[in-house]
Amino acid sequence: MSNTNVNEAVSLSSEQIRSKHKEFLFPSVANYYKESLAIDRGEGMYVYDPEGNKYLDFFGGILTVSVGHCNPKVTTKIAEQVNKLQHTSTLYPNENIVKLAEKLAEITPGKLKKTYFTNSGTEADETAIFLAKHYTGNQEIIALRHSYSGRSLLAMSLTGHSNWRHGGTHLPGIKHAVSPYCYRCPLGLEYPSCEIKCAQDIEELIMTTTSGEIAGFIAEPIQGVGGFITPPKEYFQIAVPIIKKFGGVFICDEVQTGFGRTGKRMFGIEHWEVEPDILTAAKGIANGTPLGATVALTEIADSFTGLTISTFGGNPVSMAAALATIEVIEDENLAENSYEVGLHLREGLEDLQKKYPSIGDVRGLGLMQACEFVKEGKQPDGVLVGKLFEEMKKLGVLIGKGGLYGNVVRISPPLNVTKSEVDDFIQAMDSSLEKC
Ligand SMILES: Cc1ncc(COP(=O)(O)O)c(C=O)c1O
C-alpha cells in the first residue's frame with residue numbers, strides 16, 4: 001500500500017467512467033460520440049480526458065465557457081468566495097447579489113433593471129413567462145418553431161422541436177409562430193422579396209389562434225439548438241410591435257446569445273436594435289457555474305410582490321463567478337474579439353463551403369457560427385454530421401450539433417480564442433470533411 005499512487009487509486013479510466021455512466025445514470029443523459037468522451041480537466045481552449053489526451057473545445061461547453069476553461073481570473077474569485085461564504089439562500093442579501101444585479105442593469109439593453117436569480121436557463125425562462133402572465137393579466141404566449149427553452153414541463157411546451165418535447169404538450173396556451181429560418185423558409189419565400197412575412201404572420205397567428213390578448217412573445221435572437229438560425233435584420237422590428245399591439249411583452253432569451261457571444265455587442269438582440277421587456281440569461285454568464293437570470297423592466301418586476309424563493313438563486317459563489325466572468329469579458333474586450341475572430345472563422349467556413357457542396361449554409365454572428373449539412377436538393381444530412389463528429393474527435397477537436405434534423409454543426413469556442421486557434425480548427429474541419 002505504501003507505494004500506491006494516490007491519483008491512480010482514486011481516478012477512474014475513461015472506460016470505467018463510461019461503464020458506470022451506463023449503469024448508474026438515466027439513459028436519457030445523452031452523450032456525444034459513438035464512444036463517449038470522458039473529460040477530466042480543462043484549461044483555456046482545451047479539455048483533457050483522464051488519459052491526458054487533449055481536445056480543442058470549439059463548442060465551449062455548449063456556449064457556456066465564455067472566457068476559457070478554468071480561467072484563473074474566475075476560478076480565483078470562486079475559490080475566495082467558497083472559503084468565505086458558500087451559501088445563505090435568498091433570505092439574506094449579500095454583496096455579490098446586489099453587485100451582479102447592478103451590473104446586469106448597466107449592461108443589459110434599454111431600461112432593463114431588476115433581476116431574479118435562479119440556477120439555469122430553464123428556470124430563467126419559467127420566471128419570465130410567469131412574470132409576463134402576471135404583469136399583463138393575460139395567459140397566452142407566442143413562441144417560435146425551432147426554438148429551445150429547456151427541460152421543465154413549461155420549457156418543453158415552449159420548445160419548438162419534437163426531439164425535445166417529450167410527453168406531448170404539457171401546458172396549453174402556447175402558440176408557435178413560424179421560424180425566421182431563411183435557408184428553409186417555412187413559407188417558401190426568399191429574402192428580401194419575402195417582406196419578412198414570417199414576422200408579419202404573427203398578427204394572424206394571434207388573431208386566429210388566441211383570444212387576441214396575449215401575455216408575451218419569447219424568442220432567441222439566434223435560435224441556438226435550432227442550429228444558429230439567424231433572423232433577417234428586420235425581423236424583431238416587425239414582430240415586437242405586433243406583440244405589443246395585442247398586449248404582450250417581449251421576452252428575449254439570451255441564454256446562448258448573451259455576454260459578447262455574437263460580437264461587438266454584449267447581447268444578441270442589440271444587433272436588431274429592439275429593446276426587450278424581459279431578458280433571460282444563463283450559460284455564458286458565469287463561465288460554467290450554474291446560474292440563471294431573469295432581468296425585467298422595473299414596472300414588470302415590481303408587478304409581482306408575492307412570495308417566491310430559489311434556494312440556490314443568488315448564491316454568492318455563482319454571483320462571484322458571474323461578476324468575474326463579466327469583468328474578464330469587459331477588461332479584455334472580448335465582445336470585440338468575438339466580432340473580429342468571428343469574421344475570421346466565418347471566412348474559413350465560407351472557404352470550406354466553396355470546397356464542400358455538402359455545406360449548404362453558413363450562418364451566425366460573432367463566435368456563434370454554424371454550418372448546415374445537406375445532400376442534393378437541400379436534404380438534411382445528419383449522417384454526414386455524425387461522421388464528421390467522429391473524424392474531428394480523432395483529431396482532438398470538439399464541435400456541437402444542432403438543428404431539427406441534427407444536420408447542423410455549431411461552432412462556438414470561448415470568446416478569447418485566437419485567429420491561430422481558428423486556423424487549427426478550420427484545418428481539422430477540412431481534413432475531416434475529406435474523409436467523410
Ligand atoms: C436558448 C435557451 N434557452 C434555455 C435553455 C435552457 O437552459 P438550461 O439547460 O440551463 O436549463 C437553453 C439550453 O440550451 C437554451 O439554449
# chains A, B, ... in the order shown; residues from 1 in each chain; ligands from 1
>>> residues_around(residues="segment 34-41 of chain A", least_positions_apart="3", cutoff="8 Å", atoms="only C-alpha atoms", output="list in words")
Ser14, Ile17, Arg18, Asn31, Val47, Tyr48, Asp49, Pro50 and Glu390 of chain A
>>> residues_around(residues="Lys233 of chain A", least_positions_apart="5", cutoff="12 Å", atoms="only C-alpha atoms", output="number ranges by chain")
A: 180, 182, 191-192, 195-196, 199, 221-222, 238-239, 268-274, 365
>>> write_last_selection(atoms="N, CA and C atoms", output="PDB file, in the first residue's frame")
ATOM      1  N   PRO A 180     -37.986  32.326 -38.346  1.00  0.00           N
ATOM      2  CA  PRO A 180     -37.338  33.155 -39.385  1.00  0.00           C
ATOM      3  C   PRO A 180     -36.116  32.421 -39.960  1.00  0.00           C
ATOM      4  N   CYS A 182     -34.373  31.491 -42.902  1.00  0.00           N
ATOM      5  CA  CYS A 182     -34.299  31.851 -44.329  1.00  0.00           C
ATOM      6  C   CYS A 182     -33.835  30.692 -45.209  1.00  0.00           C
ATOM      7  N   TYR A 191     -35.685  35.980 -49.119  1.00  0.00           N
ATOM      8  CA  TYR A 191     -35.340  37.291 -48.583  1.00  0.00           C
ATOM      9  C   TYR A 191     -34.623  38.093 -49.671  1.00  0.00           C
ATOM     10  N   PRO A 192     -34.866  39.375 -49.885  1.00  0.00           N
ATOM     11  CA  PRO A 192     -35.762  40.245 -49.114  1.00  0.00           C
ATOM     12  C   PRO A 192     -37.154  40.417 -49.731  1.00  0.00           C
ATOM     13  N   GLU A 195     -40.535  40.219 -47.800  1.00  0.00           N
ATOM     14  CA  GLU A 195     -41.023  41.293 -46.912  1.00  0.00           C
ATOM     15  C   GLU A 195     -41.229  40.778 -45.481  1.00  0.00           C
ATOM     16  N   ILE A 196     -40.449  39.826 -45.100  1.00  0.00           N
ATOM     17  CA  ILE A 196     -40.418  39.277 -43.735  1.00  0.00           C
ATOM     18  C   ILE A 196     -41.826  38.824 -43.324  1.00  0.00           C
ATOM     19  N   ALA A 199     -42.488  37.304 -39.871  1.00  0.00           N
ATOM     20  CA  ALA A 199     -42.777  38.195 -38.738  1.00  0.00           C
ATOM     21  C   ALA A 199     -44.202  38.722 -38.850  1.00  0.00           C
ATOM     22  N   PRO A 221     -32.623  35.630 -30.004  1.00  0.00           N
ATOM     23  CA  PRO A 221     -32.149  36.440 -31.141  1.00  0.00           C
ATOM     24  C   PRO A 221     -31.576  35.560 -32.248  1.00  0.00           C
ATOM     25  N   ILE A 222     -30.825  34.517 -31.869  1.00  0.00           N
ATOM     26  CA  ILE A 222     -30.377  33.496 -32.822  1.00  0.00           C
ATOM     27  C   ILE A 222     -30.816  32.172 -32.213  1.00  0.00           C
ATOM     28  N   ILE A 238     -40.323  44.109 -36.777  1.00  0.00           N
ATOM     29  CA  ILE A 238     -41.702  43.873 -37.241  1.00  0.00           C
ATOM     30  C   ILE A 238     -42.465  43.055 -36.193  1.00  0.00           C
ATOM     31  N   ALA A 239     -41.819  42.023 -35.655  1.00  0.00           N
ATOM     32  CA  ALA A 239     -42.514  41.099 -34.743  1.00  0.00           C
ATOM     33  C   ALA A 239     -42.917  41.766 -33.422  1.00  0.00           C
ATOM     34  N   GLY A 268     -27.269  39.677 -27.921  1.00  0.00           N
ATOM     35  CA  GLY A 268     -27.614  39.410 -29.315  1.00  0.00           C
ATOM     36  C   GLY A 268     -28.669  40.353 -29.864  1.00  0.00           C
ATOM     37  N   ILE A 269     -29.687  40.645 -29.063  1.00  0.00           N
ATOM     38  CA  ILE A 269     -30.817  41.434 -29.568  1.00  0.00           C
ATOM     39  C   ILE A 269     -30.383  42.847 -29.969  1.00  0.00           C
ATOM     40  N   GLU A 270     -29.258  43.298 -29.438  1.00  0.00           N
ATOM     41  CA  GLU A 270     -28.788  44.644 -29.791  1.00  0.00           C
ATOM     42  C   GLU A 270     -28.487  44.765 -31.288  1.00  0.00           C
ATOM     43  N   HIS A 271     -28.186  43.642 -31.948  1.00  0.00           N
ATOM     44  CA  HIS A 271     -27.964  43.699 -33.397  1.00  0.00           C
ATOM     45  C   HIS A 271     -29.256  44.032 -34.145  1.00  0.00           C
ATOM     46  N   TRP A 272     -30.383  43.743 -33.513  1.00  0.00           N
ATOM     47  CA  TRP A 272     -31.670  44.002 -34.184  1.00  0.00           C
ATOM     48  C   TRP A 272     -32.294  45.325 -33.704  1.00  0.00           C
ATOM     49  N   GLU A 273     -31.594  45.978 -32.778  1.00  0.00           N
ATOM     50  CA  GLU A 273     -31.999  47.296 -32.264  1.00  0.00           C
ATOM     51  C   GLU A 273     -33.433  47.324 -31.749  1.00  0.00           C
ATOM     52  N   VAL A 274     -33.744  46.306 -30.951  1.00  0.00           N
ATOM     53  CA  VAL A 274     -35.055  46.245 -30.300  1.00  0.00           C
ATOM     54  C   VAL A 274     -34.792  46.034 -28.807  1.00  0.00           C
ATOM     55  N   LEU A 365     -23.502  34.906 -36.023  1.00  0.00           N
ATOM     56  CA  LEU A 365     -22.844  36.185 -35.761  1.00  0.00           C
ATOM     57  C   LEU A 365     -21.724  35.948 -34.759  1.00  0.00           C
TER      58      LEU A 365
END
>>> residues_near_ligand(ligand="ligand 1", cutoff="10 Å", atoms="only C-alpha atoms and all ligand atoms", output="JSON, numbers by chain")
{"A": [62, 63, 64, 118, 119, 120, 121, 122, 123, 124, 125, 126, 147, 148, 149, 150, 151, 152, 155, 156, 158, 159, 218, 219, 220, 221, 222, 223, 224, 225, 226, 252, 253, 254, 255, 256, 257, 258, 280, 281, 282, 283, 284, 290, 291, 292]}
>>> closest_atom_pairs(of="segment 73-138 of chain A", to="segment 315-321 of chain A", cutoff="10 Å", atoms="only C-alpha atoms", output="CSV")
residue,atom,partner,partner_atom,distance
A:Lys73,CA,A:Ala321,CA,9.3
A:Val74,CA,A:Ala321,CA,5.8
A:Thr75,CA,A:Ala321,CA,7.4
A:Thr76,CA,A:Ala321,CA,9.2
A:Lys77,CA,A:Ala320,CA,6.2
A:Ile78,CA,A:Ala321,CA,5.7
A:Ala79,CA,A:Val317,CA,8.4
A:Glu80,CA,A:Val317,CA,8.9
A:Gln81,CA,A:Val317,CA,5.7
A:Val82,CA,A:Val317,CA,6.2
A:Asn83,CA,A:Val317,CA,9.7
A:Lys84,CA,A:Val317,CA,9.5
A:Leu85,CA,A:Pro316,CA,7.2
A:Gln86,CA,A:Val317,CA,6.0
A:His87,CA,A:Asn315,CA,6.0
A:Thr88,CA,A:Asn315,CA,7.2
A:Ser89,CA,A:Asn315,CA,6.5
A:Thr90,CA,A:Asn315,CA,7.6
A:Pro93,CA,A:Pro316,CA,9.4
A:Asn94,CA,A:Pro316,CA,7.0
A:Glu95,CA,A:Pro316,CA,8.1
A:Asn96,CA,A:Met319,CA,5.5
A:Ile97,CA,A:Met319,CA,5.9
A:Val98,CA,A:Met319,CA,9.1
A:Lys99,CA,A:Met319,CA,8.4
A:Leu100,CA,A:Met319,CA,6.4
A:Ala101,CA,A:Met319,CA,9.1
A:Phe117,CA,A:Asn315,CA,8.5
A:Thr118,CA,A:Asn315,CA,8.8
A:Asn119,CA,A:Ser318,CA,8.9
>>> closest_residue(among="A:Ser431, A:Gln237, A:Thr115, A:Thr294", to="Glu275 of chain A", atoms="only C-alpha atoms")
A:Gln237
>>> residues_around(residues="Gly167 of chain A", least_positions_apart="2", cutoff="12 Å", atoms="only C-alpha atoms", output="NGL selection string")
:A and (151-154 or 156-157 or 162-165 or 169-171)
>>> closest_residue(among="A:Gly288, A:Gly216, A:Gly227, A:Gly42", to="Met368 of chain A", atoms="only C-alpha atoms")
A:Gly227
>>> select_by_dssp(residues="segment 308-423 of chain A", states="alpha helix (DSSP H)", output="PDB file with C-alpha atoms, in the first residue's frame")
ATOM      1  CA  PRO A 316     -22.728  34.102  -3.502  1.00  0.00           C
ATOM      2  CA  VAL A 317     -20.382  31.698  -5.321  1.00  0.00           C
ATOM      3  CA  SER A 318     -22.328  31.825  -8.599  1.00  0.00           C
ATOM      4  CA  MET A 319     -22.572  35.598  -8.222  1.00  0.00           C
ATOM      5  CA  ALA A 320     -18.783  35.836  -7.771  1.00  0.00           C
ATOM      6  CA  ALA A 321     -18.256  33.647 -10.847  1.00  0.00           C
ATOM      7  CA  ALA A 322     -20.548  35.843 -12.960  1.00  0.00           C
ATOM      8  CA  LEU A 323     -19.004  39.097 -11.726  1.00  0.00           C
ATOM      9  CA  ALA A 324     -15.525  37.767 -12.553  1.00  0.00           C
ATOM     10  CA  THR A 325     -16.622  36.451 -15.970  1.00  0.00           C
ATOM     11  CA  ILE A 326     -18.223  39.756 -16.962  1.00  0.00           C
ATOM     12  CA  GLU A 327     -15.141  41.603 -15.717  1.00  0.00           C
ATOM     13  CA  VAL A 328     -12.889  39.494 -17.965  1.00  0.00           C
ATOM     14  CA  ILE A 329     -15.235  40.000 -20.948  1.00  0.00           C
ATOM     15  CA  GLU A 330     -15.159  43.766 -20.407  1.00  0.00           C
ATOM     16  CA  ASP A 331     -11.486  44.195 -19.472  1.00  0.00           C
ATOM     17  CA  LEU A 334     -13.959  40.024 -25.688  1.00  0.00           C
ATOM     18  CA  ALA A 335     -17.120  41.183 -27.464  1.00  0.00           C
ATOM     19  CA  GLU A 336     -14.784  42.875 -29.942  1.00  0.00           C
ATOM     20  CA  ASN A 337     -12.579  39.773 -30.131  1.00  0.00           C
ATOM     21  CA  SER A 338     -15.722  37.728 -30.772  1.00  0.00           C
ATOM     22  CA  TYR A 339     -16.504  40.029 -33.698  1.00  0.00           C
ATOM     23  CA  GLU A 340     -13.011  40.015 -35.199  1.00  0.00           C
ATOM     24  CA  VAL A 341     -12.117  36.369 -34.679  1.00  0.00           C
ATOM     25  CA  GLY A 342     -15.721  35.517 -35.591  1.00  0.00           C
ATOM     26  CA  LEU A 343     -15.211  37.163 -39.001  1.00  0.00           C
ATOM     27  CA  HIS A 344     -12.033  35.139 -39.468  1.00  0.00           C
ATOM     28  CA  LEU A 345     -13.895  31.959 -38.547  1.00  0.00           C
ATOM     29  CA  ARG A 346     -16.713  32.860 -40.928  1.00  0.00           C
ATOM     30  CA  GLU A 347     -14.262  33.378 -43.798  1.00  0.00           C
ATOM     31  CA  GLY A 348     -12.691  29.998 -43.097  1.00  0.00           C
ATOM     32  CA  LEU A 349     -16.110  28.304 -43.064  1.00  0.00           C
ATOM     33  CA  GLU A 350     -17.172  30.026 -46.279  1.00  0.00           C
ATOM     34  CA  ASP A 351     -13.954  28.830 -47.928  1.00  0.00           C
ATOM     35  CA  LEU A 352     -14.816  25.302 -46.834  1.00  0.00           C
ATOM     36  CA  GLN A 353     -18.315  25.790 -48.239  1.00  0.00           C
ATOM     37  CA  LYS A 354     -16.796  26.542 -51.656  1.00  0.00           C
ATOM     38  CA  LYS A 355     -14.844  23.287 -51.479  1.00  0.00           C
ATOM     39  CA  GLY A 382     -27.353  14.221 -40.314  1.00  0.00           C
ATOM     40  CA  VAL A 383     -25.389  11.079 -41.211  1.00  0.00           C
ATOM     41  CA  LEU A 384     -22.524  13.141 -42.585  1.00  0.00           C
ATOM     42  CA  VAL A 385     -22.517  15.258 -39.421  1.00  0.00           C
ATOM     43  CA  GLY A 386     -22.260  12.057 -37.352  1.00  0.00           C
ATOM     44  CA  LYS A 387     -19.208  11.002 -39.377  1.00  0.00           C
ATOM     45  CA  LEU A 388     -17.684  14.458 -39.138  1.00  0.00           C
ATOM     46  CA  PHE A 389     -18.028  14.362 -35.348  1.00  0.00           C
ATOM     47  CA  GLU A 390     -16.073  11.104 -35.165  1.00  0.00           C
ATOM     48  CA  GLU A 391     -13.336  12.331 -37.535  1.00  0.00           C
ATOM     49  CA  MET A 392     -12.945  15.629 -35.658  1.00  0.00           C
ATOM     50  CA  LYS A 393     -12.710  13.767 -32.365  1.00  0.00           C
ATOM     51  CA  LYS A 394      -9.883  11.641 -33.759  1.00  0.00           C
ATOM     52  CA  LYS A 419      -7.156  33.511 -35.048  1.00  0.00           C
ATOM     53  CA  SER A 420      -4.422  30.893 -34.998  1.00  0.00           C
ATOM     54  CA  GLU A 421      -6.629  28.514 -32.972  1.00  0.00           C
ATOM     55  CA  VAL A 422      -9.385  29.157 -35.521  1.00  0.00           C
ATOM     56  CA  ASP A 423      -6.908  28.229 -38.284  1.00  0.00           C
TER      57      ASP A 423
END
>>> select_by_dssp(residues="segment 235-269 of chain A", states="strand (DSSP E)", output="ChimeraX atom specification")
/A:249-253
>>> closest_residue(among="A:Arg145, A:Lys22, A:Arg261, A:Lys175", to="Asn416 of chain A", atoms="only C-alpha atoms")
A:Arg261
>>> decode(residues="segment 279-293 of chain A", atoms="all heavy atoms", output="PDB file, in the first residue's frame")
ATOM      1  N   LEU A 279     -35.481  39.928 -20.143  1.00  0.00           N
ATOM      2  CA  LEU A 279     -34.364  39.230 -20.795  1.00  0.00           C
ATOM      3  C   LEU A 279     -33.962  38.057 -19.910  1.00  0.00           C
ATOM      4  O   LEU A 279     -33.908  38.200 -18.688  1.00  0.00           O
ATOM      5  CB  LEU A 279     -33.201  40.209 -20.973  1.00  0.00           C
ATOM      6  CG  LEU A 279     -31.897  39.722 -21.607  1.00  0.00           C
ATOM      7  CD1 LEU A 279     -31.215  40.888 -22.355  1.00  0.00           C
ATOM      8  CD2 LEU A 279     -30.926  39.148 -20.584  1.00  0.00           C
ATOM      9  N   THR A 280     -33.728  36.903 -20.530  1.00  0.00           N
ATOM     10  CA  THR A 280     -33.266  35.767 -19.738  1.00  0.00           C
ATOM     11  C   THR A 280     -31.833  35.409 -20.131  1.00  0.00           C
ATOM     12  O   THR A 280     -31.455  35.514 -21.293  1.00  0.00           O
ATOM     13  CB  THR A 280     -34.178  34.532 -19.915  1.00  0.00           C
ATOM     14  OG1 THR A 280     -34.191  34.137 -21.284  1.00  0.00           O
ATOM     15  CG2 THR A 280     -35.589  34.828 -19.453  1.00  0.00           C
ATOM     16  N   ALA A 281     -31.064  35.001 -19.123  1.00  0.00           N
ATOM     17  CA  ALA A 281     -29.652  34.667 -19.364  1.00  0.00           C
ATOM     18  C   ALA A 281     -29.284  33.445 -18.534  1.00  0.00           C
ATOM     19  O   ALA A 281     -29.920  33.136 -17.519  1.00  0.00           O
ATOM     20  CB  ALA A 281     -28.766  35.852 -18.992  1.00  0.00           C
ATOM     21  N   ALA A 282     -28.273  32.744 -18.979  1.00  0.00           N
ATOM     22  CA  ALA A 282     -27.704  31.598 -18.233  1.00  0.00           C
ATOM     23  C   ALA A 282     -26.370  31.267 -18.919  1.00  0.00           C
ATOM     24  O   ALA A 282     -25.656  32.185 -19.310  1.00  0.00           O
ATOM     25  CB  ALA A 282     -28.661  30.404 -18.228  1.00  0.00           C
ATOM     26  N   LYS A 283     -26.067  29.998 -19.101  1.00  0.00           N
ATOM     27  CA  LYS A 283     -24.867  29.533 -19.799  1.00  0.00           C
ATOM     28  C   LYS A 283     -23.627  30.425 -19.617  1.00  0.00           C
ATOM     29  O   LYS A 283     -22.956  30.355 -18.612  1.00  0.00           O
ATOM     30  CB  LYS A 283     -25.173  29.341 -21.286  1.00  0.00           C
ATOM     31  CG  LYS A 283     -26.098  28.154 -21.573  1.00  0.00           C
ATOM     32  CD  LYS A 283     -26.076  27.792 -23.036  1.00  0.00           C
ATOM     33  CE  LYS A 283     -27.149  26.773 -23.396  1.00  0.00           C
ATOM     34  NZ  LYS A 283     -26.911  25.441 -22.891  1.00  0.00           N
ATOM     35  N   GLY A 284     -23.347  31.297 -20.613  1.00  0.00           N
ATOM     36  CA  GLY A 284     -22.091  32.047 -20.631  1.00  0.00           C
ATOM     37  C   GLY A 284     -21.943  33.109 -19.549  1.00  0.00           C
ATOM     38  O   GLY A 284     -20.872  33.694 -19.400  1.00  0.00           O
ATOM     39  N   ILE A 285     -22.979  33.354 -18.775  1.00  0.00           N
ATOM     40  CA  ILE A 285     -22.950  34.434 -17.776  1.00  0.00           C
ATOM     41  C   ILE A 285     -21.890  34.188 -16.696  1.00  0.00           C
ATOM     42  O   ILE A 285     -21.318  35.132 -16.160  1.00  0.00           O
ATOM     43  CB  ILE A 285     -24.355  34.622 -17.128  1.00  0.00           C
ATOM     44  CG1 ILE A 285     -24.411  35.845 -16.228  1.00  0.00           C
ATOM     45  CG2 ILE A 285     -24.789  33.391 -16.367  1.00  0.00           C
ATOM     46  CD1 ILE A 285     -25.807  36.169 -15.676  1.00  0.00           C
ATOM     47  N   ALA A 286     -21.626  32.916 -16.384  1.00  0.00           N
ATOM     48  CA  ALA A 286     -20.735  32.638 -15.247  1.00  0.00           C
ATOM     49  C   ALA A 286     -19.664  31.604 -15.593  1.00  0.00           C
ATOM     50  O   ALA A 286     -19.138  30.933 -14.714  1.00  0.00           O
ATOM     51  CB  ALA A 286     -21.549  32.203 -14.031  1.00  0.00           C
ATOM     52  N   ASN A 287     -19.372  31.471 -16.885  1.00  0.00           N
ATOM     53  CA  ASN A 287     -18.271  30.611 -17.364  1.00  0.00           C
ATOM     54  C   ASN A 287     -18.392  29.151 -16.936  1.00  0.00           C
ATOM     55  O   ASN A 287     -17.384  28.458 -16.833  1.00  0.00           O
ATOM     56  CB  ASN A 287     -16.920  31.168 -16.900  1.00  0.00           C
ATOM     57  CG  ASN A 287     -15.817  30.866 -17.896  1.00  0.00           C
ATOM     58  OD1 ASN A 287     -16.025  30.944 -19.106  1.00  0.00           O
ATOM     59  ND2 ASN A 287     -14.642  30.492 -17.406  1.00  0.00           N
ATOM     60  N   GLY A 288     -19.616  28.713 -16.670  1.00  0.00           N
ATOM     61  CA  GLY A 288     -19.785  27.293 -16.343  1.00  0.00           C
ATOM     62  C   GLY A 288     -20.312  27.041 -14.947  1.00  0.00           C
ATOM     63  O   GLY A 288     -20.651  25.913 -14.599  1.00  0.00           O
ATOM     64  N   THR A 289     -20.406  28.084 -14.139  1.00  0.00           N
ATOM     65  CA  THR A 289     -21.011  27.939 -12.815  1.00  0.00           C
ATOM     66  C   THR A 289     -22.528  28.060 -12.999  1.00  0.00           C
ATOM     67  O   THR A 289     -22.978  28.954 -13.712  1.00  0.00           O
ATOM     68  CB  THR A 289     -20.496  29.057 -11.883  1.00  0.00           C
ATOM     69  OG1 THR A 289     -19.072  29.028 -11.936  1.00  0.00           O
ATOM     70  CG2 THR A 289     -20.956  28.857 -10.453  1.00  0.00           C
ATOM     71  N   PRO A 290     -23.316  27.179 -12.374  1.00  0.00           N
ATOM     72  CA  PRO A 290     -24.771  27.208 -12.624  1.00  0.00           C
ATOM     73  C   PRO A 290     -25.406  28.530 -12.201  1.00  0.00           C
ATOM     74  O   PRO A 290     -25.270  28.954 -11.051  1.00  0.00           O
ATOM     75  CB  PRO A 290     -25.307  26.061 -11.753  1.00  0.00           C
ATOM     76  CG  PRO A 290     -24.130  25.215 -11.443  1.00  0.00           C
ATOM     77  CD  PRO A 290     -22.930  26.118 -11.453  1.00  0.00           C
ATOM     78  N   LEU A 291     -26.067  29.172 -13.153  1.00  0.00           N
ATOM     79  CA  LEU A 291     -26.713  30.448 -12.856  1.00  0.00           C
ATOM     80  C   LEU A 291     -27.698  30.823 -13.957  1.00  0.00           C
ATOM     81  O   LEU A 291     -27.370  30.772 -15.139  1.00  0.00           O
ATOM     82  CB  LEU A 291     -25.635  31.547 -12.747  1.00  0.00           C
ATOM     83  CG  LEU A 291     -26.117  32.993 -12.573  1.00  0.00           C
ATOM     84  CD1 LEU A 291     -27.010  33.142 -11.349  1.00  0.00           C
ATOM     85  CD2 LEU A 291     -24.924  33.942 -12.453  1.00  0.00           C
ATOM     86  N   GLY A 292     -28.906  31.178 -13.550  1.00  0.00           N
ATOM     87  CA  GLY A 292     -29.893  31.727 -14.479  1.00  0.00           C
ATOM     88  C   GLY A 292     -30.303  33.104 -13.983  1.00  0.00           C
ATOM     89  O   GLY A 292     -30.314  33.353 -12.773  1.00  0.00           O
ATOM     90  N   ALA A 293     -30.609  34.001 -14.911  1.00  0.00           N
ATOM     91  CA  ALA A 293     -31.019  35.352 -14.504  1.00  0.00           C
ATOM     92  C   ALA A 293     -32.187  35.796 -15.375  1.00  0.00           C
ATOM     93  O   ALA A 293     -32.179  35.582 -16.588  1.00  0.00           O
ATOM     94  CB  ALA A 293     -29.849  36.329 -14.660  1.00  0.00           C
TER      95      ALA A 293
END
